[in-house]
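Chemist: You'll find input-v6.json just under this line, and it carries JSON, C-alpha atoms.
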```json
[["chain", "number", "residue", "atom", "x", "y", "z"],
["A", 1, "GLY", "CA", -23.17, 5.25, 8.19],
["A", 2, "LYS", "CA", -20.37, 5.46, 5.65],
["A", 3, "VAL", "CA", -19.48, 3.15, 2.78],
["A", 4, "TYR", "CA", -15.83, 2.18, 2.36],
["A", 5, "PHE", "CA", -14.35, 0.78, -0.83],
["A", 6, "THR", "CA", -11.07, 0.49, -2.71],
["A", 7, "ASP", "CA", -9.77, 1.49, -6.11],
["A", 8, "SER", "CA", -7.10, -1.11, -6.86],
["A", 9, "SER", "CA", -5.15, 0.52, -9.66],
["A", 10, "THR", "CA", -5.02, 3.32, -12.21],
["A", 11, "MET", "CA", -4.89, 0.65, -14.92],
["A", 12, "ALA", "CA", -8.26, 0.13, -16.59],
["A", 13, "PRO", "CA", -9.66, -3.43, -16.80],
["A", 14, "ASP", "CA", -8.78, -5.14, -20.07],
["A", 15, "ARG", "CA", -11.23, -6.49, -22.63],
["A", 16, "LYS", "CA", -10.83, -10.23, -23.20],
["A", 17, "GLY", "CA", -10.33, -10.93, -26.88],
["A", 18, "GLY", "CA", -12.46, -7.96, -27.86],
["A", 19, "VAL", "CA", -15.65, -9.54, -26.48],
["A", 20, "ARG", "CA", -17.97, -8.14, -23.84],
["A", 21, "THR", "CA", -16.14, -9.55, -20.86],
["A", 22, "TRP", "CA", -13.50, -7.96, -18.66],
["A", 23, "ASP", "CA", -10.23, -9.78, -18.06],
["A", 24, "THR", "CA", -9.51, -8.34, -14.61],
["A", 25, "MET", "CA", -6.99, -11.10, -13.85],
["A", 26, "TYR", "CA", -4.79, -10.06, -16.76],
["A", 27, "THR", "CA", -5.02, -6.42, -15.68],
["A", 28, "ALA", "CA", -3.96, -7.41, -12.16],
["A", 29, "LYS", "CA", -0.93, -9.24, -13.59],
["A", 30, "MET", "CA", 0.02, -6.17, -15.61],
["A", 31, "ASP", "CA", -0.33, -3.99, -12.53],
["A", 32, "TYR", "CA", 2.04, -6.30, -10.68],
["A", 33, "MET", "CA", 4.54, -6.13, -13.53],
["A", 34, "ARG", "CA", 4.30, -2.34, -13.59],
["A", 35, "GLY", "CA", 5.15, -2.22, -9.90],
["A", 36, "ARG", "CA", 3.47, 1.13, -9.16],
["A", 37, "ARG", "CA", 1.49, 1.61, -5.94],
["A", 38, "THR", "CA", -1.62, 3.45, -7.08],
["A", 39, "GLY", "CA", -4.30, 1.67, -5.00],
["A", 40, "ARG", "CA", -6.62, 3.87, -2.92],
["A", 41, "LEU", "CA", -9.06, 3.62, -0.02],
["A", 42, "LEU", "CA", -12.21, 5.73, -0.41],
["A", 43, "GLU", "CA", -15.24, 6.72, 1.63],
["A", 44, "TYR", "CA", -18.77, 7.47, 0.42],
["A", 45, "ASP", "CA", -21.11, 9.46, 2.63],
["A", 46, "PRO", "CA", -24.79, 8.84, 1.66],
["A", 47, "GLN", "CA", -25.92, 11.94, 3.57],
["A", 48, "THR", "CA", -23.78, 14.33, 1.53],
["A", 49, "ASP", "CA", -23.50, 12.15, -1.61],
["A", 50, "LYS", "CA", -19.75, 12.86, -1.55],
["A", 51, "VAL", "CA", -16.77, 10.58, -2.05],
["A", 52, "ARG", "CA", -13.36, 11.33, -0.57],
["A", 53, "VAL", "CA", -10.00, 9.57, -0.73],
["A", 54, "LEU", "CA", -8.84, 8.39, 2.69],
["A", 55, "ALA", "CA", -5.48, 6.90, 1.68],
["A", 56, "GLY", "CA", -3.38, 6.04, -1.35],
["A", 57, "GLY", "CA", -0.05, 4.52, -2.28],
["A", 58, "MET", "CA", -1.12, 0.89, -1.90],
["A", 59, "TRP", "CA", -0.02, -1.87, -4.23],
["A", 60, "PHE", "CA", -3.34, -3.13, -5.59],
["A", 61, "ALA", "CA", -5.69, -2.28, -2.72],
["A", 62, "ASN", "CA", -8.40, -4.93, -2.67],
["A", 63, "GLY", "CA", -10.87, -6.13, -0.02],
["A", 64, "VAL", "CA", -11.79, -3.79, 2.84],
["A", 65, "ALA", "CA", -13.70, -4.41, 6.08],
["A", 66, "VAL", "CA", -14.52, -2.68, 9.37],
["A", 67, "ALA", "CA", -12.14, -4.16, 11.93],
["A", 68, "ASP", "CA", -13.97, -3.63, 15.22],
["A", 69, "GLU", "CA", -17.44, -3.19, 16.70],
["A", 70, "GLU", "CA", -16.73, 0.46, 17.60],
["A", 71, "GLU", "CA", -15.83, 1.12, 13.95],
["A", 72, "THR", "CA", -12.53, 2.79, 14.79],
["A", 73, "ALA", "CA", -10.47, 1.06, 12.10],
["A", 74, "LEU", "CA", -10.54, -0.60, 8.69],
["A", 75, "VAL", "CA", -8.37, -3.39, 7.32],
["A", 76, "ILE", "CA", -7.45, -3.54, 3.63],
["A", 77, "SER", "CA", -6.03, -6.42, 1.62],
["A", 78, "GLU", "CA", -2.97, -5.13, -0.23],
["A", 79, "THR", "CA", -2.69, -7.84, -2.83],
["A", 80, "PHE", "CA", 0.84, -7.49, -4.15],
["A", 81, "THR", "CA", 2.55, -6.96, -0.81],
["A", 82, "ALA", "CA", 0.90, -10.24, 0.23],
["A", 83, "GLY", "CA", -0.42, -8.60, 3.38],
["A", 84, "VAL", "CA", -3.08, -6.49, 5.07],
["A", 85, "ARG", "CA", -2.87, -2.77, 5.90],
["A", 86, "LYS", "CA", -4.86, -0.98, 8.63],
["A", 87, "PHE", "CA", -6.50, 2.43, 8.47],
["A", 88, "ASP", "CA", -7.26, 4.26, 11.73],
["A", 89, "LEU", "CA", -10.61, 6.05, 11.32],
["A", 90, "VAL", "CA", -9.97, 8.14, 14.44],
["A", 91, "THR", "CA", -6.61, 9.59, 13.40],
["A", 92, "GLY", "CA", -7.12, 9.22, 9.65],
["A", 93, "THR", "CA", -3.81, 7.40, 9.16],
["A", 94, "LEU", "CA", -2.80, 4.30, 7.22],
["A", 95, "SER", "CA", -0.28, 1.87, 8.67],
["A", 96, "PRO", "CA", 3.02, 2.41, 6.83],
["A", 97, "THR", "CA", 3.47, -1.34, 6.32],
["A", 98, "PRO", "CA", 1.16, -4.38, 6.48],
["A", 99, "ILE", "CA", 0.04, -5.29, 10.03],
["A", 100, "VAL", "CA", 0.10, -8.93, 8.94],
["A", 101, "GLY", "CA", 1.81, -10.38, 5.89],
["A", 102, "ASN", "CA", 4.26, -12.81, 4.34],
["A", 103, "PHE", "CA", 1.30, -14.84, 3.11],
["A", 104, "THR", "CA", 1.83, -17.83, 0.83],
["A", 105, "GLY", "CA", -0.01, -15.92, -1.87],
["A", 106, "TYR", "CA", -1.89, -12.75, -2.73],
["A", 107, "PRO", "CA", -4.93, -11.79, -0.61],
["A", 108, "ASP", "CA", -8.06, -10.69, -2.40],
["A", 109, "GLY", "CA", -11.26, -9.89, -0.51],
["A", 110, "LEU", "CA", -11.54, -9.42, 3.24],
["A", 111, "GLY", "CA", -14.15, -10.06, 5.89],
["A", 112, "CYS", "CA", -14.29, -9.41, 9.64],
["A", 113, "ASN", "CA", -16.35, -10.61, 12.59],
["A", 114, "PRO", "CA", -16.28, -7.56, 14.90],
["A", 115, "SER", "CA", -18.67, -9.18, 17.39],
["A", 116, "ALA", "CA", -16.16, -11.93, 18.19],
["A", 117, "THR", "CA", -13.93, -11.64, 21.26],
["A", 118, "PRO", "CA", -11.38, -10.69, 20.15],
["A", 119, "SER", "CA", -12.50, -9.33, 16.78],
["A", 120, "LEU", "CA", -11.21, -11.59, 14.00],
["A", 121, "CYS", "CA", -10.72, -10.99, 10.28],
["A", 122, "TYR", "CA", -10.38, -13.34, 7.33],
["A", 123, "ALA", "CA", -8.25, -12.76, 4.24],
["A", 124, "PRO", "CA", -8.95, -15.20, 1.37],
["A", 125, "ILE", "CA", -6.01, -16.07, -0.85],
["A", 126, "PRO", "CA", -6.95, -17.15, -4.40],
["A", 127, "SER", "CA", -3.47, -18.02, -5.67],
["A", 128, "THR", "CA", 0.10, -18.59, -4.60],
["A", 129, "ALA", "CA", 2.79, -16.03, -5.39],
["A", 130, "LEU", "CA", 3.81, -15.79, -9.03],
["A", 131, "LYS", "CA", 7.04, -17.68, -9.73],
["A", 132, "ILE", "CA", 8.36, -14.73, -11.72],
["A", 133, "ALA", "CA", 8.12, -12.62, -8.55],
["A", 134, "LYS", "CA", 11.08, -14.49, -7.05],
["A", 135, "VAL", "CA", 13.12, -13.82, -10.19],
["A", 136, "ILE", "CA", 12.29, -10.09, -10.16],
["A", 137, "ALA", "CA", 13.22, -9.86, -6.48],
["A", 138, "MET", "CA", 16.75, -11.06, -7.31],
["A", 139, "PHE", "CA", 17.52, -7.91, -9.30],
["A", 140, "PRO", "CA", 18.39, -4.53, -7.72],
["A", 141, "HIS", "CA", 16.65, -1.37, -8.82],
["A", 142, "PRO", "CA", 16.52, -0.17, -11.61],
["A", 143, "PHE", "CA", 17.23, -3.53, -13.27],
["A", 144, "ASP", "CA", 14.09, -5.00, -11.72],
["A", 145, "GLN", "CA", 12.02, -2.28, -13.38],
["A", 146, "PHE", "CA", 13.64, -3.03, -16.74],
["A", 147, "LEU", "CA", 12.60, -6.67, -16.35],
["A", 148, "ARG", "CA", 9.08, -5.64, -15.37],
["A", 149, "THR", "CA", 8.83, -3.49, -18.51],
["A", 150, "LEU", "CA", 9.93, -6.39, -20.72],
["A", 151, "LEU", "CA", 7.33, -8.67, -19.14],
["A", 152, "MET", "CA", 4.58, -6.13, -19.83],
["A", 153, "LEU", "CA", 5.45, -6.31, -23.53],
["A", 154, "VAL", "CA", 5.08, -10.07, -23.95],
["A", 155, "PRO", "CA", 1.91, -11.47, -25.61],
["A", 156, "ARG", "CA", -1.09, -12.11, -23.38],
["A", 157, "SER", "CA", -0.66, -15.89, -23.82],
["A", 158, "TRP", "CA", 2.82, -15.63, -22.25],
["A", 159, "ALA", "CA", 1.63, -13.81, -19.14],
["A", 160, "PRO", "CA", 2.50, -15.58, -15.87],
["A", 161, "LYS", "CA", 0.06, -18.34, -15.02],
["A", 162, "VAL", "CA", -1.91, -18.32, -11.78],
["A", 163, "ALA", "CA", -1.56, -21.50, -9.71],
["A", 164, "THR", "CA", -4.79, -23.00, -8.36],
["A", 165, "TYR", "CA", -4.85, -22.63, -4.60],
["A", 166, "GLY", "CA", -7.28, -22.10, -1.74],
["A", 167, "GLY", "CA", -6.30, -20.35, 1.47],
["A", 168, "VAL", "CA", -7.74, -18.18, 4.23],
["A", 169, "VAL", "CA", -5.78, -16.34, 6.92],
["A", 170, "GLU", "CA", -7.60, -15.70, 10.21],
["A", 171, "PHE", "CA", -6.00, -12.85, 12.16],
["A", 172, "ASP", "CA", -6.58, -10.41, 15.01],
["A", 173, "PRO", "CA", -6.81, -6.89, 13.50],
["A", 174, "ALA", "CA", -5.78, -5.27, 16.79],
["A", 175, "THR", "CA", -2.45, -7.11, 17.05],
["A", 176, "GLY", "CA", -1.87, -8.51, 13.56],
["A", 177, "GLU", "CA", -1.43, -11.95, 15.10],
["A", 178, "VAL", "CA", -2.39, -14.88, 12.88],
["A", 179, "GLN", "CA", -4.80, -17.25, 14.62],
["A", 180, "ARG", "CA", -5.32, -19.87, 11.92],
["A", 181, "TYR", "CA", -4.18, -20.56, 8.38],
["A", 182, "LEU", "CA", -6.68, -22.67, 6.43],
["A", 183, "GLN", "CA", -5.41, -24.19, 3.19],
["A", 184, "ASP", "CA", -6.35, -26.33, 0.24],
["A", 185, "PRO", "CA", -2.83, -26.28, -1.28],
["A", 186, "ASN", "CA", -3.86, -27.55, -4.72],
["A", 187, "GLY", "CA", -7.36, -26.11, -4.79],
["A", 188, "GLN", "CA", -8.86, -29.58, -5.23],
["A", 189, "ASP", "CA", -11.93, -29.01, -3.06],
["A", 190, "ILE", "CA", -12.15, -25.23, -3.34],
["A", 191, "GLY", "CA", -9.78, -22.69, -4.86],
["A", 192, "MET", "CA", -9.39, -19.16, -6.18],
["A", 193, "LEU", "CA", -11.01, -17.80, -3.00],
["A", 194, "THR", "CA", -11.91, -14.12, -3.19],
["A", 195, "GLY", "CA", -14.65, -13.58, -0.59],
["A", 196, "ALA", "CA", -15.04, -14.37, 3.12],
["A", 197, "THR", "CA", -18.11, -13.64, 5.25],
["A", 198, "VAL", "CA", -18.87, -14.79, 8.81],
["A", 199, "HIS", "CA", -22.40, -15.66, 9.95],
["A", 200, "ASP", "CA", -23.44, -17.77, 12.97],
["A", 201, "ASN", "CA", -19.88, -19.00, 13.58],
["A", 202, "LYS", "CA", -19.56, -20.21, 10.00],
["A", 203, "LEU", "CA", -17.18, -18.83, 7.39],
["A", 204, "TYR", "CA", -18.72, -18.55, 3.93],
["A", 205, "LEU", "CA", -16.22, -18.56, 1.08],
["A", 206, "GLY", "CA", -16.72, -17.21, -2.43],
["A", 207, "SER", "CA", -14.63, -18.48, -5.33],
["A", 208, "LEU", "CA", -13.80, -17.51, -8.90],
["A", 209, "GLN", "CA", -13.64, -21.12, -10.07],
["A", 210, "ASN", "CA", -16.15, -23.14, -8.05],
["A", 211, "ASP", "CA", -19.91, -23.17, -8.68],
["A", 212, "PHE", "CA", -20.74, -23.25, -4.98],
["A", 213, "VAL", "CA", -20.15, -21.28, -1.78],
["A", 214, "GLY", "CA", -17.77, -22.97, 0.64],
["A", 215, "VAL", "CA", -18.75, -23.21, 4.30],
["A", 216, "TYR", "CA", -16.25, -23.71, 7.13],
["A", 217, "ASP", "CA", -17.43, -24.29, 10.72],
["A", 218, "LEU", "CA", -15.31, -21.96, 12.87],
["A", 219, "GLU", "CA", -16.11, -23.95, 16.01]]
```
Please render this file's structure as structure tokens.
Modeler:
Amino acid sequence: GKVYFTDSSTMAPDRKGGVRTWDTMYTAKMDYMRGRRTGRLLEYDPQTDKVRVLAGGMWFANGVAVADEEETALVISETFTAGVRKFDLVTGTLSPTPIVGNFTGYPDGLGCNPSATPSLCYAPIPSTALKIAKVIAMFPHPFDQFLRTLLMLVPRSWAPKVATYGGVVEFDPATGEVQRYLQDPNGQDIGMLTGATVHDNKLYLGSLQNDFVGVYDLE
């Protein structure tokens, strides 16, 4: 088999205060402010020990999962378009736009249950959209890019804050149709969701802020 993974950005993760921890959240914010689509989808072949780029030009490519039992397609969370792209493994093409999108926030990881009928996928959403995003969207190009540049220059402590939220979008990867939208709007029970895995009709949810794994009964 092959191993599929993403490379979110050409921006290197940032050190947090000079200590031995990586502030990947801050780097993600800076990548959003930069506004360049440098995310890639890659494939590793264990038999040849080779890695090749399958697709590029995504705005912070994130979680990736095999979409169907025949392994003919992949789905990829494209964080800053607030949607999910699809890659056809047969034709080697990436969908030009998200197959499902307009989420309430930015998707992170991604998990699928190819054995379900139909196959279903789950996109966890750790946070709602940044408020500054609405302001940037009001400006035409190139004024929006000027604003983005200014925001990249502000001190780290002034960087846009991430709102606590917990959400998961269940969708059909073949049609892009949303089946269910699970939410904890204020992240009181579980929030900052980044991982979703299905096992025995239960959805297991990983989080950046909680010290437990959430379990949701899909039945």
Chemist: Could you give me, as a tab-separated table, a per-residue list for region 102-127 of chain A showing, wherever an atom lies at most 8 Å from an atom of region 190-206 of chain A, the closest pair of atoms and their distance in Å to one decimal, using all atoms listed in the file and sorting by chain then residue number from low to high?
Modeler:
```
residue	atom	partner	partner_atom	distance
A:Pro107	CA	A:Thr194	CA	7.8
A:Asp108	CA	A:Thr194	CA	5.2
A:Gly109	CA	A:Gly195	CA	5.0
A:Leu110	CA	A:Ala196	CA	6.1
A:Gly111	CA	A:Ala196	CA	5.2
A:Cys112	CA	A:Val198	CA	7.1
A:Asn113	CA	A:Val198	CA	6.2
A:Tyr122	CA	A:Ala196	CA	6.4
A:Ala123	CA	A:Ala196	CA	7.1
A:Pro124	CA	A:Leu193	CA	5.5
A:Ile125	CA	A:Leu193	CA	5.7
A:Pro126	CA	A:Met192	CA	3.6
A:Ser127	CA	A:Met192	CA	6.1
```
Chemist: Separation of CA of Val100 (chain A) and CA of Glu177 (chain A), in Å?
Modeler: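 Between CA of Val100 (chain A) and CA of Glu177 (chain A) the gap is 7.0 Å.
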Chemist: With all atoms listed in the file as the atoms that count, which of A:Ile99, A:Leu151, A:Leu54, A:Ala174 lies nearest to Asp31 (chain A)?
Modeler: A:Leu151
Chemist: Need to verify the contact set: region 153-158 of chain A, 12 Å, all atoms listed in the file, exclusion of same-chain residues closer than 2 positions in sequence. Can you return it as a list in words?
Modeler: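 Residues meeting the cut-off are Asp14, Arg15, Lys16, Gly17, Asp23, Met25, Tyr26, Thr27, Lys29, Met30, Met33, Arg34, Ile132, Phe146, Leu147, Arg148, Thr149, Leu150, Leu151, Pro160, Lys161 and Val162 of chain A.
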Chemist: Pull the neighbourhood of (-13.5, -1.0, 7.7) for me: all residues within 9 Å in file coordinates, counting only C-alpha atoms, as a PyMOL selection string.
Modeler: chain A and resi 3-5+64-68+71-76+86-87+89+112
Chemist: Taking all atoms listed in the file into account, which of A:Leu208, A:Leu130, A:Val169, A:Met138 comes nearest Gly101 (chain A)?
Modeler: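 Checking each candidate against Gly101 (chain A), we get A:Val169 as the closest.
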Chemist: Pro98 (chain A): which residues within 12 Å, counting only C-alpha atoms, same-chain residues fewer than 4 positions away excluded, as a PDB file with C-alpha atoms, in the coordinates of the input?
Modeler:
```
ATOM      1  CA  MET A  58      -1.120   0.890  -1.900  1.00  0.00           C
ATOM      2  CA  TRP A  59      -0.020  -1.870  -4.230  1.00  0.00           C
ATOM      3  CA  ALA A  61      -5.690  -2.280  -2.720  1.00  0.00           C
ATOM      4  CA  VAL A  75      -8.370  -3.390   7.320  1.00  0.00           C
ATOM      5  CA  ILE A  76      -7.450  -3.540   3.630  1.00  0.00           C
ATOM      6  CA  SER A  77      -6.030  -6.420   1.620  1.00  0.00           C
ATOM      7  CA  GLU A  78      -2.970  -5.130  -0.230  1.00  0.00           C
ATOM      8  CA  THR A  79      -2.690  -7.840  -2.830  1.00  0.00           C
ATOM      9  CA  PHE A  80       0.840  -7.490  -4.150  1.00  0.00           C
ATOM     10  CA  THR A  81       2.550  -6.960  -0.810  1.00  0.00           C
ATOM     11  CA  ALA A  82       0.900 -10.240   0.230  1.00  0.00           C
ATOM     12  CA  GLY A  83      -0.420  -8.600   3.380  1.00  0.00           C
ATOM     13  CA  VAL A  84      -3.080  -6.490   5.070  1.00  0.00           C
ATOM     14  CA  ARG A  85      -2.870  -2.770   5.900  1.00  0.00           C
ATOM     15  CA  LYS A  86      -4.860  -0.980   8.630  1.00  0.00           C
ATOM     16  CA  PHE A  87      -6.500   2.430   8.470  1.00  0.00           C
ATOM     17  CA  LEU A  94      -2.800   4.300   7.220  1.00  0.00           C
ATOM     18  CA  ASN A 102       4.260 -12.810   4.340  1.00  0.00           C
ATOM     19  CA  PHE A 103       1.300 -14.840   3.110  1.00  0.00           C
ATOM     20  CA  PRO A 107      -4.930 -11.790  -0.610  1.00  0.00           C
ATOM     21  CA  PRO A 173      -6.810  -6.890  13.500  1.00  0.00           C
ATOM     22  CA  THR A 175      -2.450  -7.110  17.050  1.00  0.00           C
ATOM     23  CA  GLY A 176      -1.870  -8.510  13.560  1.00  0.00           C
ATOM     24  CA  GLU A 177      -1.430 -11.950  15.100  1.00  0.00           C
TER      25      GLU A 177
END
```
Chemist: How would you write as a VMD selection string the residues that get within 10 Å of (4.5, 2.9, -3.6) in the file's frame, counting only C-alpha atoms?
Modeler: chain A and resid 35 to 39 56 to 59
Chemist: Mind giving me the straight-line distance from CA of Arg52 (chain A) to CA of Lys2 (chain A) in Å, one decimal?
Modeler: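 Answer for the CA of Arg52 (chain A) to CA of Lys2 (chain A) separation: 11.1 Å.
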Chemist: Pro185 (chain A): which residues within 8 Å, counting all atoms listed in the file, same-chain residues fewer than 2 positions away excluded, as a ChimeraX atom specification?
Modeler: /A:165-167,183,187-188
Chemist: What gap, in Å, lies between CA of Ser119 (chain A) and CA of Gly63 (chain A)?
Modeler: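 Distance between the two atoms: 17.2 Å.
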